[in-house]
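Q: My structure is stored as model_13.txt, with compact mmCIF, C-alpha atoms.
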```txt
# COMPACT_ATOMS: atom_id res chain seq x y z
CA MET A 90 74.52 -14.65 -3.53
CA LYS A 91 73.16 -17.48 -1.38
CA THR A 92 69.83 -17.07 0.38
CA ILE A 93 69.04 -17.40 4.10
CA LYS A 94 65.33 -17.71 4.93
CA ILE A 95 63.95 -16.56 8.27
CA GLY A 96 60.67 -17.16 10.07
CA LEU A 97 59.29 -14.81 12.73
CA VAL A 98 56.97 -16.04 15.49
CA GLY A 99 55.38 -13.09 17.29
CA PHE A 100 54.40 -9.85 15.53
CA GLY A 101 53.93 -7.52 18.47
CA THR A 102 55.97 -4.43 19.23
CA ILE A 103 59.40 -6.08 19.00
CA GLY A 104 58.39 -8.32 16.11
CA THR A 105 57.30 -5.27 14.16
CA GLY A 106 60.69 -3.68 14.73
CA VAL A 107 62.47 -6.84 13.59
CA ALA A 108 60.32 -7.00 10.45
CA LYS A 109 61.14 -3.36 9.67
CA LEU A 110 64.87 -4.03 9.87
CA LEU A 111 64.75 -7.25 7.85
CA LEU A 112 62.32 -6.04 5.17
CA LEU A 113 63.21 -2.36 4.82
CA HIS A 114 66.96 -2.66 5.29
CA LYS A 115 67.73 -5.82 3.32
CA GLU A 116 70.79 -4.26 1.66
CA ARG A 117 72.32 -3.40 5.03
CA ILE A 118 71.79 -6.92 6.34
CA SER A 119 73.15 -8.45 3.12
CA ARG A 120 76.32 -6.33 3.28
CA ARG A 121 77.01 -7.51 6.79
CA THR A 122 76.31 -11.20 6.19
CA GLY A 123 77.22 -11.88 2.58
CA PHE A 124 73.81 -13.53 2.10
CA ASP A 125 70.45 -12.56 0.66
CA VAL A 126 68.50 -12.56 3.94
CA GLN A 127 64.76 -13.08 3.39
CA LEU A 128 61.98 -12.88 5.98
CA VAL A 129 59.57 -15.36 4.41
CA LYS A 130 56.91 -16.00 7.09
CA ILE A 131 55.47 -14.09 10.06
CA VAL A 132 53.23 -15.98 12.51
CA ASP A 133 50.87 -14.24 14.91
CA THR A 134 47.38 -14.71 16.30
CA ASP A 135 46.36 -11.19 15.17
CA LEU A 136 46.56 -10.91 11.40
CA ALA A 137 44.32 -7.88 11.02
CA ARG A 138 46.12 -5.16 12.99
CA ASP A 139 48.02 -2.63 10.92
CA ARG A 140 51.66 -2.55 12.09
CA GLY A 141 52.53 0.38 9.85
CA ILE A 142 54.84 -1.62 7.59
CA PRO A 143 54.26 -2.89 4.01
CA LEU A 144 54.31 -6.68 3.95
CA PRO A 145 54.86 -9.06 1.02
CA GLU A 146 51.73 -10.93 0.03
CA GLY A 147 51.27 -14.25 1.81
CA ILE A 148 53.88 -13.61 4.48
CA LEU A 149 51.37 -13.59 7.37
CA SER A 150 50.11 -16.79 8.99
CA ALA A 151 48.32 -17.83 12.16
CA ASP A 152 49.92 -21.29 12.18
CA TYR A 153 53.51 -21.74 13.36
CA HIS A 154 53.65 -25.06 11.50
CA ASP A 155 54.02 -23.02 8.31
CA ILE A 156 57.50 -22.19 9.59
CA LEU A 157 58.14 -25.50 11.32
CA ASN A 158 57.41 -27.55 8.19
CA ASP A 159 59.38 -25.36 5.79
CA PRO A 160 62.83 -26.98 5.43
CA GLU A 161 64.25 -23.85 3.80
CA VAL A 162 63.71 -21.74 6.94
CA SER A 163 66.94 -22.15 8.89
CA ILE A 164 66.54 -19.38 11.50
CA VAL A 165 63.46 -18.77 13.64
CA VAL A 166 63.08 -15.52 15.54
CA GLN A 167 60.76 -16.33 18.44
CA LEU A 168 59.39 -13.22 20.16
CA ILE A 169 56.40 -14.52 22.09
CA GLY A 170 56.68 -14.34 25.87
CA GLY A 171 55.82 -16.99 28.43
CA THR A 172 56.73 -20.59 29.21
CA GLY A 173 53.72 -22.59 27.99
CA ILE A 174 53.06 -22.95 24.26
CA GLU A 175 56.17 -20.82 23.78
CA ARG A 176 58.30 -23.68 25.17
CA THR A 177 56.54 -26.21 22.93
CA ILE A 178 57.10 -24.13 19.81
CA MET A 179 60.78 -23.56 20.57
CA LEU A 180 61.43 -27.24 21.26
CA GLU A 181 59.66 -28.25 18.04
CA MET A 182 61.66 -25.72 16.03
CA LEU A 183 64.90 -27.01 17.52
CA ALA A 184 63.86 -30.63 16.90
CA ALA A 185 63.49 -29.64 13.25
CA GLY A 186 67.10 -28.42 13.28
CA LYS A 187 66.34 -24.71 13.11
CA ASN A 188 68.49 -22.09 14.87
CA ILE A 189 66.69 -19.87 17.37
CA VAL A 190 66.92 -16.16 18.13
CA THR A 191 64.77 -15.14 21.10
CA ALA A 192 64.05 -12.39 23.59
CA ASN A 193 62.11 -14.66 25.97
CA LYS A 194 64.02 -14.37 29.26
CA ALA A 195 61.33 -16.23 31.25
CA LEU A 196 61.71 -19.29 29.05
CA LEU A 197 65.52 -19.29 29.33
CA ALA A 198 65.54 -18.60 33.07
CA THR A 199 63.03 -21.41 33.68
CA HIS A 200 63.84 -24.01 31.00
CA GLY A 201 67.31 -23.01 29.82
CA GLU A 202 68.81 -26.44 30.40
CA GLU A 203 66.11 -28.21 28.37
CA ILE A 204 66.18 -25.64 25.56
CA PHE A 205 69.96 -25.66 25.17
CA GLU A 206 70.18 -29.46 25.33
CA ALA A 207 67.58 -29.69 22.55
CA ALA A 208 69.72 -27.33 20.45
CA ARG A 209 72.87 -29.36 21.09
CA GLN A 210 71.11 -32.56 20.05
CA LYS A 211 70.44 -31.07 16.60
CA ASN A 212 73.73 -29.12 16.28
CA ALA A 213 71.69 -25.91 16.32
CA SER A 214 72.15 -22.73 18.35
CA VAL A 215 70.16 -20.35 20.55
CA ALA A 216 70.94 -16.61 20.58
CA PHE A 217 69.32 -14.39 23.21
CA GLU A 218 71.02 -10.99 23.46
CA ALA A 219 67.64 -9.22 23.53
CA ALA A 220 66.48 -11.24 26.55
CA VAL A 221 68.45 -9.01 28.94
CA GLY A 222 68.84 -5.26 28.67
CA GLY A 223 66.96 -4.69 25.40
CA GLY A 224 69.33 -2.83 23.10
CA ILE A 225 72.30 -3.04 25.48
CA PRO A 226 74.74 -5.74 24.25
CA ILE A 227 75.43 -7.03 27.75
CA ILE A 228 75.32 -10.77 26.93
CA ALA A 229 78.06 -10.39 24.32
CA ALA A 230 80.03 -8.07 26.58
CA ILE A 231 80.18 -10.57 29.45
CA ALA A 232 80.43 -13.78 27.41
CA GLU A 233 82.88 -12.53 24.80
CA SER A 234 84.44 -9.10 25.36
CA LEU A 235 85.16 -9.75 29.05
CA ALA A 236 86.04 -13.44 28.62
CA ALA A 237 89.58 -12.88 29.94
CA ASN A 238 88.20 -11.66 33.27
CA GLU A 239 86.93 -13.24 36.41
CA ILE A 240 83.81 -11.18 36.98
CA GLN A 241 83.73 -9.72 40.48
CA SER A 242 80.31 -8.09 40.47
CA ILE A 243 77.30 -7.00 38.46
CA HIS A 244 75.04 -4.19 39.67
CA ALA A 245 72.24 -3.46 37.23
CA ILE A 246 69.00 -1.65 36.51
CA LEU A 247 67.26 -4.20 34.28
CA ASN A 248 63.61 -3.13 34.18
CA GLY A 249 62.64 0.05 32.35
CA THR A 250 59.10 0.06 33.76
CA CYS A 251 60.35 0.14 37.35
CA ASN A 252 63.01 2.72 36.59
CA PHE A 253 60.43 4.93 34.87
CA ILE A 254 58.12 4.72 37.89
CA LEU A 255 60.86 5.37 40.44
CA SER A 256 62.37 8.22 38.40
CA ASN A 257 59.00 9.95 38.09
CA MET A 258 58.22 9.51 41.78
CA GLU A 259 61.57 11.11 42.56
CA GLU A 260 61.18 13.96 40.10
CA HIS A 261 57.56 14.87 40.77
CA GLY A 262 57.03 13.71 44.35
CA SER A 263 54.05 11.64 43.24
CA SER A 264 52.73 8.48 44.87
CA TYR A 265 53.49 4.99 43.66
CA ALA A 266 49.83 4.33 42.75
CA SER A 267 49.40 7.49 40.64
CA THR A 268 52.78 7.02 38.92
CA LEU A 269 51.94 3.42 38.04
CA LYS A 270 48.67 4.58 36.44
CA GLU A 271 50.62 7.14 34.40
CA ALA A 272 53.12 4.48 33.32
CA GLN A 273 50.22 2.29 32.18
CA ARG A 274 48.65 5.19 30.27
CA LEU A 275 51.92 5.84 28.44
CA GLY A 276 52.42 2.16 27.65
CA TYR A 277 55.47 1.66 29.89
CA ALA A 278 53.57 -0.69 32.24
CA GLU A 279 51.25 -3.57 31.47
CA ALA A 280 47.63 -3.68 32.65
CA ASN A 281 48.87 -6.34 35.09
CA PRO A 282 52.30 -4.97 36.06
CA ALA A 283 53.18 -7.68 38.60
CA MET A 284 56.07 -9.22 36.63
CA ASP A 285 57.78 -5.85 36.51
CA VAL A 286 56.97 -4.10 39.78
CA GLU A 287 57.36 -7.20 41.95
CA GLY A 288 60.86 -7.75 40.58
CA MET A 289 60.20 -11.07 38.83
CA ASP A 290 61.31 -9.83 35.39
CA THR A 291 64.52 -8.47 36.92
CA ALA A 292 65.19 -11.73 38.80
CA GLN A 293 64.86 -13.74 35.57
CA LYS A 294 67.36 -11.47 33.83
CA LEU A 295 69.74 -11.64 36.81
CA ALA A 296 69.59 -15.45 36.74
CA ILE A 297 70.66 -15.41 33.09
CA LEU A 298 73.49 -12.92 33.69
CA SER A 299 74.79 -14.82 36.71
CA HIS A 300 74.85 -18.04 34.72
CA ILE A 301 76.95 -16.45 32.00
CA ALA A 302 79.21 -14.44 34.32
CA PHE A 303 79.73 -16.89 37.19
CA GLY A 304 78.83 -20.33 35.84
CA VAL A 305 76.06 -20.90 38.37
CA ASN A 306 72.51 -21.91 37.50
CA PRO A 307 70.19 -20.38 40.10
CA ASP A 308 66.44 -20.85 40.20
CA TRP A 309 65.24 -17.30 39.57
CA LYS A 310 62.29 -17.88 41.91
CA GLN A 311 64.75 -18.44 44.79
CA ILE A 312 66.65 -15.18 44.28
CA PRO A 313 65.83 -12.87 47.24
CA ARG A 314 63.48 -10.29 45.78
CA ILE A 315 61.60 -7.20 46.95
CA GLY A 316 59.44 -5.17 44.57
CA ILE A 317 58.98 -1.43 44.38
CA GLU A 318 55.43 -1.29 45.80
CA THR A 319 56.67 -0.42 49.30
CA VAL A 320 58.67 2.64 48.16
CA ASP A 321 56.94 5.83 49.26
CA GLY A 322 57.43 9.37 47.98
CA VAL A 323 58.82 10.39 51.36
CA ASP A 324 61.69 7.92 50.91
CA PHE A 325 62.88 9.86 47.88
CA ARG A 326 62.95 13.06 49.92
CA TYR A 327 65.08 11.48 52.63
CA ALA A 328 67.28 9.69 50.10
CA ASN A 329 67.89 12.99 48.32
CA MET A 330 68.85 14.66 51.62
CA LEU A 331 71.45 11.93 52.08
CA GLY A 332 72.79 12.13 48.50
CA TYR A 333 71.04 9.06 47.09
CA SER A 334 68.51 8.04 44.48
CA ILE A 335 66.34 4.89 44.70
CA LYS A 336 66.62 2.18 42.04
CA LEU A 337 65.39 -1.39 41.68
CA LEU A 338 68.87 -2.89 41.70
CA ALA A 339 69.87 -6.39 40.64
CA ILE A 340 73.06 -7.52 42.36
CA ALA A 341 75.37 -10.45 41.61
CA ARG A 342 78.51 -10.08 43.72
CA ARG A 343 81.34 -12.53 44.28
CA ILE A 344 82.43 -12.61 47.91
CA LYS A 345 85.99 -13.82 48.36
CA ALA A 346 86.40 -16.55 50.97
CA SER A 347 89.26 -17.23 53.34
CA ASP A 348 91.76 -20.03 52.63
CA GLY A 349 90.20 -23.46 52.29
CA GLU A 350 86.67 -22.17 51.72
CA MET A 351 84.62 -21.57 48.61
CA ASP A 352 83.84 -18.09 47.32
CA ARG A 353 80.20 -17.15 47.68
CA LEU A 354 77.90 -15.40 45.22
CA GLU A 355 75.36 -12.90 46.48
CA LEU A 356 72.22 -12.58 44.36
CA SER A 357 69.40 -10.15 45.11
CA VAL A 358 66.80 -7.83 43.60
CA SER A 359 65.45 -4.97 45.71
CA PRO A 360 64.86 -1.21 45.90
CA THR A 361 68.26 0.22 46.80
CA LEU A 362 69.67 3.62 47.72
CA VAL A 363 72.26 4.36 45.02
CA SER A 364 74.67 7.28 45.30
CA LYS A 365 73.64 10.16 43.04
CA SER A 366 77.29 10.67 42.12
CA SER A 367 77.51 7.19 40.56
CA PRO A 368 76.57 6.36 36.93
CA LEU A 369 73.79 4.02 38.13
CA GLY A 370 72.33 6.73 40.33
CA ASP A 371 71.92 8.98 37.31
CA VAL A 372 69.93 6.51 35.16
CA LYS A 373 66.50 8.03 34.48
CA GLY A 374 63.25 7.03 32.82
CA ALA A 375 62.90 3.74 30.94
CA PHE A 376 66.64 3.27 30.52
CA ASN A 377 68.63 0.26 31.72
CA ALA A 378 72.23 0.15 32.88
CA VAL A 379 74.71 -2.52 33.91
CA SER A 380 77.85 -1.93 35.96
CA VAL A 381 80.39 -4.76 35.71
CA ILE A 382 83.68 -5.19 37.55
CA GLY A 383 86.24 -7.66 36.20
CA ASP A 384 89.55 -8.52 37.82
CA ALA A 385 91.52 -7.48 34.72
CA VAL A 386 89.48 -4.73 33.09
CA GLY A 387 88.24 -3.10 36.28
CA HIS A 388 84.97 -1.20 36.04
CA SER A 389 82.90 -1.06 32.83
CA PHE A 390 79.47 0.46 32.35
CA TYR A 391 76.74 -0.27 29.80
CA TYR A 392 73.77 2.04 29.31
CA GLY A 393 70.84 2.30 26.92
CA LEU A 394 67.15 1.73 26.33
CA GLY A 395 66.18 -1.58 27.90
CA ALA A 396 62.92 -1.96 26.04
CA GLY A 397 60.97 -0.62 23.10
CA GLU A 398 60.44 -1.58 19.50
CA MET A 399 63.66 -0.56 17.78
CA PRO A 400 66.25 -0.86 20.57
CA THR A 401 65.23 -4.47 21.27
CA ALA A 402 64.84 -5.21 17.55
CA SER A 403 68.41 -3.98 17.12
CA ALA A 404 69.66 -6.69 19.51
CA VAL A 405 67.47 -9.36 17.87
CA VAL A 406 68.69 -8.64 14.36
CA ALA A 407 72.30 -8.48 15.57
CA ASP A 408 71.76 -12.05 16.82
CA VAL A 409 70.31 -12.99 13.42
CA ILE A 410 73.43 -11.62 11.72
CA ASP A 411 75.73 -13.42 14.17
CA THR A 412 73.83 -16.67 13.55
CA ILE A 413 74.14 -16.30 9.78
CA VAL A 414 77.89 -15.60 9.79
CA GLY A 415 78.62 -18.33 12.35
CA ARG A 416 79.59 -16.33 15.42
CA THR A 417 76.60 -17.56 17.42
CA LYS A 418 77.47 -21.22 16.85
CA ILE A 419 81.09 -20.73 17.92
CA THR A 420 80.01 -18.98 21.10
CA PHE A 421 77.21 -21.48 21.73
CA ASP A 422 79.56 -24.47 21.47
CA THR A 423 82.38 -22.83 23.43
CA LEU A 424 80.41 -21.54 26.42
CA GLU A 425 78.28 -24.69 26.85
CA LEU A 426 75.63 -22.69 28.67
CA TRP A 427 72.99 -24.63 30.61
CA ASN A 428 74.88 -27.86 29.98
CA PRO A 429 74.33 -30.35 32.84
CA SER A 430 77.31 -32.43 31.67
CA ARG A 431 79.69 -29.49 32.01
CA LYS A 432 81.91 -29.71 35.06
CA VAL A 433 80.19 -27.98 37.97
CA ARG A 434 82.16 -25.06 39.33
CA SER A 435 83.92 -26.01 42.53
CA ASP A 436 85.13 -22.53 43.47
CA ILE A 437 81.84 -20.71 44.10
CA GLN A 438 78.50 -21.33 45.81
CA LEU A 439 75.38 -19.23 46.34
CA ALA A 440 75.53 -17.19 49.52
CA ALA A 441 72.90 -17.63 52.20
CA PRO A 442 70.87 -14.40 52.06
CA GLU A 443 71.15 -13.81 55.80
CA SER A 444 74.97 -13.81 55.60
CA VAL A 445 75.23 -11.01 53.00
CA VAL A 446 76.99 -7.89 54.28
CA GLY A 447 75.91 -4.35 53.47
CA LYS A 448 74.71 -0.99 54.75
CA TYR A 449 71.01 -0.28 55.21
CA TYR A 450 68.45 2.52 55.25
CA LEU A 451 65.64 2.15 57.80
CA ARG A 452 62.59 4.40 58.12
CA VAL A 453 60.68 3.97 61.38
CA LEU A 454 57.59 5.93 62.46
CA VAL A 455 57.60 6.20 66.26
CA GLU A 456 55.82 8.03 69.08
CA ASP A 457 57.34 11.36 70.01
CA ARG A 458 58.00 10.79 73.71
CA ALA A 459 60.88 10.35 76.10
CA GLY A 460 62.69 7.02 76.00
CA VAL A 461 61.77 6.07 72.44
CA MET A 462 65.28 6.57 71.07
CA ALA A 463 66.66 4.32 73.78
CA GLU A 464 64.17 1.57 72.85
CA VAL A 465 65.05 1.82 69.16
CA ALA A 466 68.79 1.92 69.84
CA ASN A 467 68.51 -1.09 72.13
CA ALA A 468 66.64 -3.10 69.45
CA LEU A 469 69.34 -2.29 66.93
CA GLY A 470 72.24 -2.80 69.32
CA SER A 471 70.98 -6.15 70.56
CA SER A 472 70.93 -7.28 66.90
CA GLY A 473 74.53 -6.19 66.42
CA ILE A 474 73.71 -3.09 64.35
CA SER A 475 75.44 0.27 64.87
CA ILE A 476 74.00 3.55 63.61
CA ALA A 477 76.06 5.54 61.11
CA SER A 478 73.67 8.51 60.95
CA LEU A 479 70.17 9.44 62.06
CA ILE A 480 67.58 11.99 60.96
CA GLN A 481 64.59 12.74 63.21
CA GLU A 482 61.71 14.66 61.67
CA GLY A 483 58.27 15.50 63.00
CA THR A 484 55.17 14.50 61.07
CA SER A 485 52.17 16.61 60.08
CA ASP A 486 49.66 14.94 62.40
CA GLU A 487 47.57 17.41 64.39
CA ASP A 488 49.04 16.65 67.81
CA ASN A 489 52.62 16.14 66.66
CA ARG A 490 52.53 12.74 68.33
CA PHE A 491 54.84 10.97 65.90
CA VAL A 492 58.28 11.40 64.36
CA GLN A 493 60.05 9.70 61.48
CA LEU A 494 63.42 8.18 62.27
CA ILE A 495 65.70 7.78 59.26
CA ILE A 496 68.54 5.46 60.22
CA MET A 497 71.62 4.71 58.12
CA THR A 498 73.53 1.73 59.47
CA HIS A 499 77.17 0.76 59.35
CA GLU A 500 77.97 -2.50 57.57
CA THR A 501 76.00 -5.39 58.96
CA THR A 502 74.39 -8.59 57.72
CA GLU A 503 70.98 -9.17 56.17
CA GLY A 504 70.23 -11.56 59.01
CA ALA A 505 71.02 -8.92 61.62
CA VAL A 506 68.70 -6.44 59.87
CA ASP A 507 65.95 -9.06 59.75
CA GLY A 508 66.32 -9.55 63.50
CA ALA A 509 66.33 -5.83 64.20
CA VAL A 510 63.23 -5.20 62.09
CA GLU A 511 61.46 -8.03 63.91
CA LYS A 512 62.33 -6.51 67.29
CA LEU A 513 61.39 -3.00 66.23
CA SER A 514 58.03 -4.14 64.88
CA HIS A 515 57.09 -5.45 68.34
CA LEU A 516 57.82 -2.18 70.14
CA ASP A 517 54.72 -0.29 71.29
CA CYS A 518 56.33 2.98 70.22
CA VAL A 519 56.57 1.90 66.55
CA LYS A 520 53.42 2.87 64.69
CA SER A 521 53.75 1.57 61.13
CA ASP A 522 55.58 -0.96 59.00
CA ILE A 523 59.33 -0.44 58.91
CA ILE A 524 60.77 0.48 55.53
CA ARG A 525 64.21 -0.97 54.80
CA MET A 526 66.46 -0.69 51.78
CA ARG A 527 70.00 -1.64 50.93
CA ILE A 528 72.57 1.09 50.27
CA TYR A 529 74.96 0.88 47.33
CA ASP A 530 77.97 3.18 47.26
CA GLU A 531 79.79 2.43 44.03
CA LYS A 532 83.51 2.00 44.57
```
Give the structure from the file, written as structure tokens.
A:
Amino acid sequence: MKTIKIGLVGFGTIGTGVAKLLLLHKERISRRTGFDVQLVKIVDTDLARDRGIPLPEGILSADYHDILNDPEVSIVVQLIGGTGIERTIMLEMLAAGKNIVTANKALLATHGEEIFEAARQKNASVAFEAAVGGGIPIIAAIAESLAANEIQSIHAILNGTCNFILSNMEEHGSSYASTLKEAQRLGYAEANPAMDVEGMDTAQKLAILSHIAFGVNPDWKQIPRIGIETVDGVDFRYANMLGYSIKLLAIARRIKASDGEMDRLELSVSPTLVSKSSPLGDVKGAFNAVSVIGDAVGHSFYYGLGAGEMPTASAVVADVIDTIVGRTKITFDTLELWNPSRKVRSDIQLAAPESVVGKYYLRVLVEDRAGVMAEVANALGSSGISIASLIQEGTSDEDNRFVQLIIMTHETTEGAVDGAVEKLSHLDCVKSDIIRMRIYDEK
């Protein structure tokens, strides 16, 4: 039986899971590849920490050149996050002709074109299933299983940290701040949670999915994005009254154009009211889910743990197996992802955010006095927004001077909502920042 040697860069949580699968389940991997698959070198800056797994003598190293300079290592699993030294290491590995398996979505979303061109120059490949959705095989599903379809839309929960926080706020009625602290205590959130809670992690994943599904190459930093910090416990109470949950939703939606015009692609990441009766509305805890609509297959739904040691390691090792048996190279060459020489799509363009159509939830704290409703209605009406439903509820202040207005709009544009919020914020009767969220009713 021929031997395939593998190097692993990054021995954190996911790296430990990958090592467990490759070292403790060698027979399983060999049966599915037809090769003797050997993990021969693990590189990490921390060589002392016990990962709870027996390691062959001499396998650990602090120097990635031990992998780079070993001509027998043909596959490198790179599991360090970031876009600095991580980019340098990946480019050097590719320059040496090694195939890459990675979970680094930031690197792909930021430098995908450079990384993939470097791989093409050396007839190598890059596999990245674990970069989006953890253990959910969504990359393969869209790129391969749904290849006969024109994808119409993707609506997804792509960040387990945010979904854990929002689910616990909904279930326990707790504040955002206290729930974030609990998520950090349990290890779901980082000490600095900005990448997750501000929606940056989700935007990077959405950029990758939209590239695969729609052939566009958006700058993830330009995707309209709102984090979950503005979501208050009271919003869950009102959402529940209306039959909704609140999720940080990533949206990529193809908008059909009239004759002679190009289709447009809506991209966004924001807290969204999602119908409780829909599969996405029922996703709890640290789970991820992706809802895809294709013109031939219709609706398909993918659900599972989006993070964690073994779920993500499962996706990484599946990529290792695909690379060994040749499936990755076939897909890599066929799709030509992040290839600047590939013909640019002429049938779709990114939609201007202000033109996107949808329904909205608005929460407005106003004075409880005569004429206020007329002022609010006038601000909305003059922006072209009609009210679908309204809840008015008194607050607990001592003098009962204020009321909460919960407004559900009919379909309107993002630009119209921007204008309405601007007008409302200048009314003397409005006494706090206006909370706004999109509404998603799955069809």
Q: Of the residues A:Ile413, A:Val455, A:Ile148, A:Ala328, which is the one nearest to Gly370 (chain A), using all atoms listed in the file?
A: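 Comparing A:Ile413, A:Val455, A:Ile148, A:Ala328 against Gly370 (chain A), the winner is A:Ala328.
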Q: Excluding region 302-314 of chain A and any residue of its chain fewer than 6 positions from it, enumerate the residues within 9 Å of it, using all atoms listed in the file, and give them as JSON, numbers by chain.
A: {"A": [198, 199, 231, 232, 236, 239, 240, 241, 242, 243, 287, 288, 289, 292, 293, 294, 295, 296, 341, 343, 354, 356, 357, 358, 359, 426, 427, 433, 434, 437, 438, 439, 442]}
Q: Need to verify the contact set: region 119-126 of chain A, 8 Å, all atoms listed in the file, exclusion of same-chain residues closer than 4 positions in sequence. Can you return it as a VMD selection string?
A: chain A and resid 90 to 95 111 115 410 413 to 414
Q: Keeping only C-alpha atoms, write the selected residues as a PDB file, in the coordinates of the input.
A:
```
ATOM      1  CA  MET A  90      74.520 -14.650  -3.530  1.00  0.00           C
ATOM      2  CA  LYS A  91      73.160 -17.480  -1.380  1.00  0.00           C
ATOM      3  CA  THR A  92      69.830 -17.070   0.380  1.00  0.00           C
ATOM      4  CA  ILE A  93      69.040 -17.400   4.100  1.00  0.00           C
ATOM      5  CA  LYS A  94      65.330 -17.710   4.930  1.00  0.00           C
ATOM      6  CA  ILE A  95      63.950 -16.560   8.270  1.00  0.00           C
ATOM      7  CA  LEU A 111      64.750  -7.250   7.850  1.00  0.00           C
ATOM      8  CA  LYS A 115      67.730  -5.820   3.320  1.00  0.00           C
ATOM      9  CA  ILE A 410      73.430 -11.620  11.720  1.00  0.00           C
ATOM     10  CA  ILE A 413      74.140 -16.300   9.780  1.00  0.00           C
ATOM     11  CA  VAL A 414      77.890 -15.600   9.790  1.00  0.00           C
TER      12      VAL A 414
END
```
Q: Env of Gly395 (chain A): 12 Å cut, atoms = all atoms listed in the file, seq-sep filter 4 positions within chain, self excluded. Answer as a PyMOL selection string.
A: chain A and resi 192+218-227+245-253+277+291+294+372-379+391+399-404
Q: Could you pull out every residue with an atom within 9 Å of (73.7, -18.1, 13.7), file coordinates, counting all atoms listed in the file, and send them as a PDB file with C-alpha atoms, in the frame of the given file?
A:
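Written file, selection.pdb:
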```
ATOM      1  CA  ILE A 164      66.540 -19.380  11.500  1.00  0.00           C
ATOM      2  CA  ASN A 188      68.490 -22.090  14.870  1.00  0.00           C
ATOM      3  CA  ILE A 189      66.690 -19.870  17.370  1.00  0.00           C
ATOM      4  CA  VAL A 190      66.920 -16.160  18.130  1.00  0.00           C
ATOM      5  CA  ALA A 213      71.690 -25.910  16.320  1.00  0.00           C
ATOM      6  CA  SER A 214      72.150 -22.730  18.350  1.00  0.00           C
ATOM      7  CA  VAL A 215      70.160 -20.350  20.550  1.00  0.00           C
ATOM      8  CA  ALA A 216      70.940 -16.610  20.580  1.00  0.00           C
ATOM      9  CA  ASP A 408      71.760 -12.050  16.820  1.00  0.00           C
ATOM     10  CA  VAL A 409      70.310 -12.990  13.420  1.00  0.00           C
ATOM     11  CA  ILE A 410      73.430 -11.620  11.720  1.00  0.00           C
ATOM     12  CA  ASP A 411      75.730 -13.420  14.170  1.00  0.00           C
ATOM     13  CA  THR A 412      73.830 -16.670  13.550  1.00  0.00           C
ATOM     14  CA  ILE A 413      74.140 -16.300   9.780  1.00  0.00           C
ATOM     15  CA  VAL A 414      77.890 -15.600   9.790  1.00  0.00           C
ATOM     16  CA  GLY A 415      78.620 -18.330  12.350  1.00  0.00           C
ATOM     17  CA  ARG A 416      79.590 -16.330  15.420  1.00  0.00           C
ATOM     18  CA  THR A 417      76.600 -17.560  17.420  1.00  0.00           C
ATOM     19  CA  LYS A 418      77.470 -21.220  16.850  1.00  0.00           C
ATOM     20  CA  ILE A 419      81.090 -20.730  17.920  1.00  0.00           C
TER      21      ILE A 419
END
```
